[in-house]
Amino acid sequence: MSSNTPSEARGARMRPSIPRLGVILVLTILLVYGFVRLGTWQVHRRAWKLDLIHRVDTRVHATPVPAPGPAQWPEVSAARDEYLHVTATGTYLYDKDTQVQAVSDLGSGFWVLTPLRQSDGALVLVNRGFVPPEWKETPATETPGPVTVTGLVRMPEPGGGFLHKNDPAHNLWYSRDVQSIAAARGLGPVAPYFIDADGPGAPRAGATPSHYPVGGLTVISFPNNHLMYSITWYALALMSAAAGIFVIRLELRGRQAK
């Protein structure tokens with residue numbers, strides 16, 4: 001009958017723990033790699049966001065340029081044109097107004113979107129601004145004849161709001177859906193964007209606007225939490241590495257003690 005030497009017996013006890021060490025090591029490497037990748041992605045996202053904020057800020061405060069015309073409509077895009085400061089001259093079609101539910105610095109109410117027919121016949125919807133629920137336009141508030149509008153190019157908001165779908169049949173609008181509004185009003189081809197008209201902006205707290213619609217209420221906000229996110233992911237990578245090293249050291253100590 002054969003018997004194992006002490007060293008052989010110790011080796012036999014140590015061998016079963018080797019796969020476990022391998023699993024711990026591989027899991028640690030995967031976690032660290034994944035968290036580092038996520039942190040690096042957030043760093044790149046932050047650089048992209050800062051560039052976007054700079055480009056938009058430059059557009060918003062630039063001298064107005066002519067709004068893109070029909071020849072340029074196929075090339076209009078959010079990346080290139082949104083928040084571009086533009087000007088357009090034409091005649092408002094007040095009988096084609098559309099009120100879209102809104103929440104602004106002035107409270108709950110509506111945006112008033114009115115088609116502007118330009119001298120070449122091209123139509124563009126203009127968000128003339130915010131009005132309260134009880135507001136009713138009268139001929140005295142309409143500007144007859146040609147008007148020149150300055151404002152920011154905005155992209156359409158198809159479909160509706162977060163909880164409500166647009167209902168053209170009942171004239172209920174929850175988003176500024178350019179094409180659907182044009183179809184409901186029988187406008188024909190319109191610009192693939194709308195213009196948020198400039199204005200005085202929101203009045204000081206407690207003050208009542210002297211007239212409606214109130215333009216200049218465009219909210220330009222790009223949350224930029226990518227630095228915090230990247231720090232969080234990198235911290236998790238360090239914690240994972242530290243935890244993995246700690247567990248491996250405990251495992252090795254346990255093996256040596258056997």
# chains A, B, ... in the order shown; residues from 1 in each chain; ligands from 1
$ residues_around --residues "region 29-44 of chain A" --least-positions-apart "2" --cutoff "7 Å" --atoms "only C-alpha atoms" --output "PDB file with N, CA and C atoms, in the first residue's frame"
ATOM      1  N   LEU A  25      -9.109  36.076 -11.114  1.00  0.00           N
ATOM      2  CA  LEU A  25      -8.239  36.945 -11.907  1.00  0.00           C
ATOM      3  C   LEU A  25      -8.939  37.412 -13.187  1.00  0.00           C
ATOM      4  N   VAL A  26      -9.566  36.466 -13.894  1.00  0.00           N
ATOM      5  CA  VAL A  26     -10.256  36.828 -15.142  1.00  0.00           C
ATOM      6  C   VAL A  26     -11.405  37.793 -14.868  1.00  0.00           C
ATOM      7  N   LEU A  27     -12.176  37.523 -13.809  1.00  0.00           N
ATOM      8  CA  LEU A  27     -13.290  38.411 -13.474  1.00  0.00           C
ATOM      9  C   LEU A  27     -12.793  39.805 -13.137  1.00  0.00           C
ATOM     10  N   ARG A  46     -17.731  63.857 -23.246  1.00  0.00           N
ATOM     11  CA  ARG A  46     -17.577  65.199 -22.678  1.00  0.00           C
ATOM     12  C   ARG A  46     -16.941  66.136 -23.700  1.00  0.00           C
ATOM     13  N   ALA A  47     -15.930  65.657 -24.407  1.00  0.00           N
ATOM     14  CA  ALA A  47     -15.290  66.494 -25.430  1.00  0.00           C
ATOM     15  C   ALA A  47     -16.293  66.846 -26.527  1.00  0.00           C
ATOM     16  N   TRP A  48     -17.110  65.845 -26.935  1.00  0.00           N
ATOM     17  CA  TRP A  48     -18.136  66.102 -27.952  1.00  0.00           C
ATOM     18  C   TRP A  48     -19.159  67.100 -27.445  1.00  0.00           C
ATOM     19  N   HIS A 226     -20.701  64.457 -17.896  1.00  0.00           N
ATOM     20  CA  HIS A 226     -19.799  63.396 -18.335  1.00  0.00           C
ATOM     21  C   HIS A 226     -18.526  63.311 -17.486  1.00  0.00           C
ATOM     22  N   LEU A 227     -18.046  64.434 -16.975  1.00  0.00           N
ATOM     23  CA  LEU A 227     -16.848  64.385 -16.129  1.00  0.00           C
ATOM     24  C   LEU A 227     -17.128  63.573 -14.868  1.00  0.00           C
ATOM     25  N   TYR A 229     -19.441  61.291 -14.502  1.00  0.00           N
ATOM     26  CA  TYR A 229     -19.616  59.894 -14.881  1.00  0.00           C
ATOM     27  C   TYR A 229     -18.270  59.208 -15.123  1.00  0.00           C
ATOM     28  N   SER A 230     -17.356  59.902 -15.815  1.00  0.00           N
ATOM     29  CA  SER A 230     -16.059  59.286 -16.102  1.00  0.00           C
ATOM     30  C   SER A 230     -15.286  59.022 -14.815  1.00  0.00           C
ATOM     31  N   ILE A 231     -15.335  59.969 -13.870  1.00  0.00           N
ATOM     32  CA  ILE A 231     -14.663  59.765 -12.587  1.00  0.00           C
ATOM     33  C   ILE A 231     -15.264  58.563 -11.860  1.00  0.00           C
ATOM     34  N   TRP A 233     -16.764  55.899 -13.211  1.00  0.00           N
ATOM     35  CA  TRP A 233     -16.347  54.639 -13.841  1.00  0.00           C
ATOM     36  C   TRP A 233     -14.896  54.314 -13.533  1.00  0.00           C
ATOM     37  N   TYR A 234     -14.024  55.330 -13.570  1.00  0.00           N
ATOM     38  CA  TYR A 234     -12.614  55.071 -13.259  1.00  0.00           C
ATOM     39  C   TYR A 234     -12.444  54.654 -11.801  1.00  0.00           C
ATOM     40  N   LEU A 236     -14.658  53.031 -10.051  1.00  0.00           N
ATOM     41  CA  LEU A 236     -15.103  51.642  -9.973  1.00  0.00           C
ATOM     42  C   LEU A 236     -14.038  50.688 -10.502  1.00  0.00           C
ATOM     43  N   ALA A 237     -13.289  51.132 -11.532  1.00  0.00           N
ATOM     44  CA  ALA A 237     -12.197  50.298 -12.051  1.00  0.00           C
ATOM     45  C   ALA A 237     -11.128  50.106 -10.982  1.00  0.00           C
ATOM     46  N   SER A 240     -12.466  47.801  -8.284  1.00  0.00           N
ATOM     47  CA  SER A 240     -12.491  46.412  -8.739  1.00  0.00           C
ATOM     48  C   SER A 240     -11.097  45.803  -8.702  1.00  0.00           C
ATOM     49  N   ALA A 241     -10.100  46.592  -9.149  1.00  0.00           N
ATOM     50  CA  ALA A 241      -8.724  46.094  -9.121  1.00  0.00           C
ATOM     51  C   ALA A 241      -8.273  45.834  -7.683  1.00  0.00           C
TER      52      ALA A 241
END
$ residues_around --residues "Thr89 (chain A)" --least-positions-apart "4" --cutoff "7 Å" --atoms "only C-alpha atoms" --output "short mmCIF file (atom, residue, chain, number, x, y, z; two decimals) with C-alpha atoms, in the first residue's frame"
data_model
loop_
_atom_site.label_atom_id
_atom_site.label_comp_id
_atom_site.auth_asym_id
_atom_site.auth_seq_id
_atom_site.Cartn_x
_atom_site.Cartn_y
_atom_site.Cartn_z
CA GLN A 118 -42.12 84.71 -48.05
CA PRO A 146 -44.76 92.11 -44.64
CA VAL A 147 -42.85 91.50 -41.42
CA THR A 148 -39.23 90.60 -40.79
CA VAL A 149 -38.68 87.85 -38.26
#
$ select_by_dssp --residues "region 88-199 of chain A" --states "strand (DSSP E or B)" --output "number ranges by chain"
A: 88-92, 98-104, 107-118, 123-131, 147-154, 160, 165, 167, 172, 194-197
$ write_last_selection --atoms "N, CA and C atoms" --output "compact mmCIF listing (two decimals), in the first residue's frame"
# COMPACT_ATOMS: atom_id res chain seq x y z
N ALA A 88 -36.10 86.08 -41.68
CA ALA A 88 -37.00 85.79 -42.80
C ALA A 88 -38.02 86.90 -42.89
N THR A 89 -38.36 87.26 -44.11
CA THR A 89 -39.34 88.33 -44.34
C THR A 89 -40.52 87.75 -45.13
N GLY A 90 -41.72 88.09 -44.70
CA GLY A 90 -42.90 87.60 -45.39
C GLY A 90 -44.17 88.11 -44.73
N THR A 91 -45.26 87.46 -45.04
CA THR A 91 -46.56 87.85 -44.51
C THR A 91 -47.13 86.69 -43.69
N TYR A 92 -47.54 87.00 -42.49
CA TYR A 92 -48.12 85.98 -41.62
C TYR A 92 -49.51 85.58 -42.13
N THR A 98 -51.64 77.81 -35.23
CA THR A 98 -51.77 76.56 -34.48
C THR A 98 -51.21 76.78 -33.09
N GLN A 99 -51.99 76.40 -32.09
CA GLN A 99 -51.53 76.53 -30.71
C GLN A 99 -51.10 75.16 -30.20
N VAL A 100 -49.87 75.11 -29.70
CA VAL A 100 -49.27 73.87 -29.20
C VAL A 100 -49.05 74.00 -27.70
N GLN A 101 -49.52 73.03 -26.96
CA GLN A 101 -49.38 73.09 -25.50
C GLN A 101 -47.92 73.28 -25.11
N ALA A 102 -47.72 74.12 -24.08
CA ALA A 102 -46.36 74.46 -23.68
C ALA A 102 -46.28 74.72 -22.19
N VAL A 103 -45.11 74.51 -21.65
CA VAL A 103 -44.77 74.92 -20.29
C VAL A 103 -43.51 75.76 -20.41
N SER A 104 -43.58 77.02 -19.97
CA SER A 104 -42.46 77.94 -20.12
C SER A 104 -42.18 78.64 -18.81
N GLY A 107 -45.23 79.96 -17.22
CA GLY A 107 -46.26 79.03 -16.77
C GLY A 107 -46.75 78.15 -17.90
N SER A 108 -47.92 77.57 -17.70
CA SER A 108 -48.51 76.68 -18.70
C SER A 108 -49.37 77.49 -19.67
N GLY A 109 -49.34 77.09 -20.91
CA GLY A 109 -50.12 77.79 -21.93
C GLY A 109 -49.87 77.15 -23.28
N PHE A 110 -49.59 78.00 -24.29
CA PHE A 110 -49.43 77.50 -25.64
C PHE A 110 -48.33 78.27 -26.37
N TRP A 111 -47.68 77.55 -27.30
CA TRP A 111 -46.86 78.22 -28.32
C TRP A 111 -47.79 78.53 -29.49
N VAL A 112 -47.62 79.69 -30.11
CA VAL A 112 -48.41 80.06 -31.27
C VAL A 112 -47.54 79.93 -32.52
N LEU A 113 -47.86 78.93 -33.35
CA LEU A 113 -47.12 78.71 -34.59
C LEU A 113 -47.95 79.26 -35.75
N THR A 114 -47.33 80.17 -36.49
CA THR A 114 -48.01 80.83 -37.60
C THR A 114 -47.19 80.68 -38.87
N PRO A 115 -47.81 80.29 -39.99
CA PRO A 115 -47.05 80.21 -41.25
C PRO A 115 -46.65 81.61 -41.72
N LEU A 116 -45.44 81.70 -42.22
CA LEU A 116 -44.93 82.94 -42.82
C LEU A 116 -44.70 82.67 -44.29
N ARG A 117 -45.48 83.37 -45.15
CA ARG A 117 -45.28 83.22 -46.59
C ARG A 117 -44.29 84.26 -47.06
N GLN A 118 -43.17 83.81 -47.60
CA GLN A 118 -42.12 84.71 -48.05
C GLN A 118 -42.37 85.17 -49.48
N LEU A 123 -43.02 78.72 -47.60
CA LEU A 123 -43.67 78.81 -46.30
C LEU A 123 -42.76 78.25 -45.22
N VAL A 124 -42.70 78.95 -44.10
CA VAL A 124 -41.98 78.46 -42.93
C VAL A 124 -42.84 78.75 -41.71
N LEU A 125 -42.94 77.79 -40.80
CA LEU A 125 -43.69 78.01 -39.57
C LEU A 125 -42.83 78.80 -38.59
N VAL A 126 -43.44 79.78 -37.98
CA VAL A 126 -42.75 80.61 -36.99
C VAL A 126 -43.45 80.45 -35.64
N ASN A 127 -42.69 80.08 -34.66
CA ASN A 127 -43.21 80.06 -33.29
C ASN A 127 -43.11 81.49 -32.76
N ARG A 128 -44.24 82.18 -32.81
CA ARG A 128 -44.22 83.60 -32.44
C ARG A 128 -44.03 83.79 -30.94
N GLY A 129 -44.27 82.74 -30.16
CA GLY A 129 -44.03 82.86 -28.72
C GLY A 129 -45.13 82.23 -27.89
N PHE A 130 -45.05 82.52 -26.60
CA PHE A 130 -45.93 81.91 -25.61
C PHE A 130 -47.15 82.77 -25.34
N VAL A 131 -48.30 82.10 -25.13
CA VAL A 131 -49.52 82.80 -24.72
C VAL A 131 -50.17 82.00 -23.60
N VAL A 147 -43.57 91.37 -42.68
CA VAL A 147 -42.85 91.50 -41.42
C VAL A 147 -41.51 90.80 -41.58
N THR A 148 -40.54 91.26 -40.82
CA THR A 148 -39.23 90.60 -40.79
C THR A 148 -39.06 89.94 -39.44
N VAL A 149 -38.80 88.65 -39.48
CA VAL A 149 -38.68 87.85 -38.26
C VAL A 149 -37.22 87.42 -38.09
N THR A 150 -36.71 87.54 -36.89
CA THR A 150 -35.42 86.94 -36.56
C THR A 150 -35.66 85.91 -35.46
N GLY A 151 -34.89 84.86 -35.50
CA GLY A 151 -35.07 83.82 -34.50
C GLY A 151 -34.11 82.68 -34.73
N LEU A 152 -34.38 81.56 -34.05
CA LEU A 152 -33.50 80.40 -34.09
C LEU A 152 -34.16 79.25 -34.84
N VAL A 153 -33.40 78.61 -35.69
CA VAL A 153 -33.89 77.43 -36.40
C VAL A 153 -34.05 76.29 -35.39
N ARG A 154 -35.21 75.65 -35.42
CA ARG A 154 -35.48 74.50 -34.56
C ARG A 154 -35.97 73.34 -35.42
N GLY A 160 -45.81 63.91 -30.99
CA GLY A 160 -46.53 64.44 -29.85
C GLY A 160 -45.62 64.59 -28.65
N LYS A 165 -50.27 61.99 -27.73
CA LYS A 165 -50.05 62.05 -29.17
C LYS A 165 -50.81 63.24 -29.74
N ASP A 167 -53.29 65.19 -31.96
CA ASP A 167 -54.61 64.79 -32.47
C ASP A 167 -55.10 65.87 -33.43
N LEU A 172 -55.70 69.23 -31.34
CA LEU A 172 -54.96 69.13 -30.09
C LEU A 172 -53.50 68.82 -30.42
N PHE A 194 -38.81 74.92 -38.03
CA PHE A 194 -39.58 76.11 -37.68
C PHE A 194 -38.63 77.11 -37.04
N ILE A 195 -39.07 78.32 -36.92
CA ILE A 195 -38.25 79.39 -36.35
C ILE A 195 -38.82 79.81 -35.01
N ASP A 196 -38.01 79.74 -33.97
CA ASP A 196 -38.37 80.29 -32.67
C ASP A 196 -38.07 81.78 -32.70
N ALA A 197 -39.12 82.61 -32.75
CA ALA A 197 -38.91 84.05 -32.90
C ALA A 197 -38.19 84.64 -31.69
$ residues_around --residues "Val76 (chain A)" --least-positions-apart "2" --cutoff "10 Å" --atoms "only C-alpha atoms" --output "PyMOL selection string"
chain A and resi 68-69+72-74+78-82+153+155+191-193
$ write_last_selection --atoms "C-alpha atoms" --output "mmCIF file, in the first residue's frame"
data_model
loop_
_atom_site.group_PDB
_atom_site.id
_atom_site.type_symbol
_atom_site.label_atom_id
_atom_site.label_comp_id
_atom_site.auth_asym_id
_atom_site.auth_seq_id
_atom_site.Cartn_x
_atom_site.Cartn_y
_atom_site.Cartn_z
ATOM 1 C CA PRO A 68 -32.556 78.277 -45.525
ATOM 2 C CA GLY A 69 -34.709 78.448 -48.644
ATOM 3 C CA GLN A 72 -31.443 74.201 -49.202
ATOM 4 C CA TRP A 73 -34.276 72.325 -47.471
ATOM 5 C CA PRO A 74 -33.045 68.822 -48.446
ATOM 6 C CA ALA A 78 -29.987 69.311 -36.691
ATOM 7 C CA ALA A 79 -26.217 68.901 -36.561
ATOM 8 C CA ARG A 80 -25.577 71.728 -38.987
ATOM 9 C CA ASP A 81 -28.536 74.074 -38.648
ATOM 10 C CA GLU A 82 -30.339 73.784 -35.300
ATOM 11 C CA VAL A 153 -33.886 77.427 -36.398
ATOM 12 C CA MET A 155 -36.069 70.947 -35.719
ATOM 13 C CA ALA A 191 -39.659 74.319 -44.556
ATOM 14 C CA PRO A 192 -38.437 71.207 -42.680
ATOM 15 C CA TYR A 193 -37.869 73.352 -39.601
#
$ closest_residue --among "A:Val178, A:Leu238, A:Val219, A:Val190" --to "Asp105 (chain A)" --atoms "only C-alpha atoms"
A:Val219
$ closest_atom_pairs --of "region 168-234 of chain A" --to "region 132-138 of chain A" --cutoff "10 Å" --atoms "only C-alpha atoms" --output "JSON lines"
{"residue": "A:Tyr212", "atom": "CA", "partner": "A:Trp135", "partner_atom": "CA", "distance": 8.0}
{"residue": "A:Pro213", "atom": "CA", "partner": "A:Pro132", "partner_atom": "CA", "distance": 8.7}
{"residue": "A:Val214", "atom": "CA", "partner": "A:Pro132", "partner_atom": "CA", "distance": 9.9}
$ write_last_selection --atoms "N, CA and C atoms" --output "PDB file, in the first residue's frame"
ATOM      1  N   TYR A 212     -48.783  89.761 -25.926  1.00  0.00           N
ATOM      2  CA  TYR A 212     -48.595  88.364 -26.318  1.00  0.00           C
ATOM      3  C   TYR A 212     -48.705  88.271 -27.828  1.00  0.00           C
ATOM      4  N   PRO A 213     -48.088  87.261 -28.426  1.00  0.00           N
ATOM      5  CA  PRO A 213     -47.221  86.220 -27.858  1.00  0.00           C
ATOM      6  C   PRO A 213     -45.876  86.776 -27.378  1.00  0.00           C
ATOM      7  N   VAL A 214     -45.269  86.089 -26.418  1.00  0.00           N
ATOM      8  CA  VAL A 214     -43.956  86.463 -25.889  1.00  0.00           C
ATOM      9  C   VAL A 214     -42.906  85.541 -26.506  1.00  0.00           C
TER      10      VAL A 214
END
$ atom_distance --atom1 "CA of Pro223 (chain A)" --atom2 "CA of Tyr83 (chain A)"
16.5 Å
$ residues_around --residues "Ala184 (chain A)" --least-positions-apart "6" --cutoff "9 Å" --atoms "only C-alpha atoms" --output "list of chain:residue names"
A:Pro168, A:Ala169, A:Asn171
$ closest_residue --among "A:Gly22, A:Gly188, A:Gly215, A:Pro158" --to "Leu252 (chain A)" --atoms "only C-alpha atoms"
A:Gly22
$ atom_distance --atom1 "CA of Ala71 (chain A)" --atom2 "CA of Ser175 (chain A)"
26.3 Å
$ closest_residue --among "A:Ala183, A:Leu250, A:Leu93, A:Ile220" --to "Val60 (chain A)" --atoms "only C-alpha atoms"
A:Ile220
$ atom_distance --atom1 "CA of Ile245 (chain A)" --atom2 "CA of Ile24 (chain A)"
9.1 Å
